[in-house]
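S.K.: Take this structure first; my questions come after.
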Amino acid sequence: MRGRPGGNPDLVEHRFSTDRDEPCTAKLTLRLPPSQYAKLKKIDNWQEKVREVITSFLQELEHPDNYEK
């Protein structure tokens, strides 16, 4: 038998939660040169920083007048 019979009664206290308006459930696959990937992985919280850049880029596409060229 694996695990505790009946499961963990404190599971609600230990579950993953987020303060986002929308959960990050979609997956994006992107190919990069290994050198860029290595540099990216050295950045603390790199996934969130990439999300911020993508958000900024999409906002720029939606509202180009708000951004300088």
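Just remember, in the structure tokens the first chain shown is A, the second B, etc., residues are 1-based per chain, and ligands are 1-based in the order shown.
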I need the residues of chain A that end up classed as helix (DSSP H, G or I) by DSSP on the backbone, written out as a ChimeraX atom specification.
M.R.: /A:11-14,34-41,46-62,64-66
S.K.: Just the number, please: distance in Å from CA of Leu40 (chain A) to CA of Glu52 (chain A), one decimal.
M.R.: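 Those two atoms sit 13.9 Å apart.
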S.K.: What is the CA of Gln47 (chain A)-CA of Asn66 (chain A) distance in Å, reported with one decimal?
M.R.: 25.6 Å
S.K.: Using only C-alpha atoms, find the one residue out of A:Gly6, A:Leu11, A:Thr18, A:Val50 that sits nearest to Leu30 (chain A).
M.R.: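 For Leu30 (chain A), the nearest of the given residues is A:Val50.
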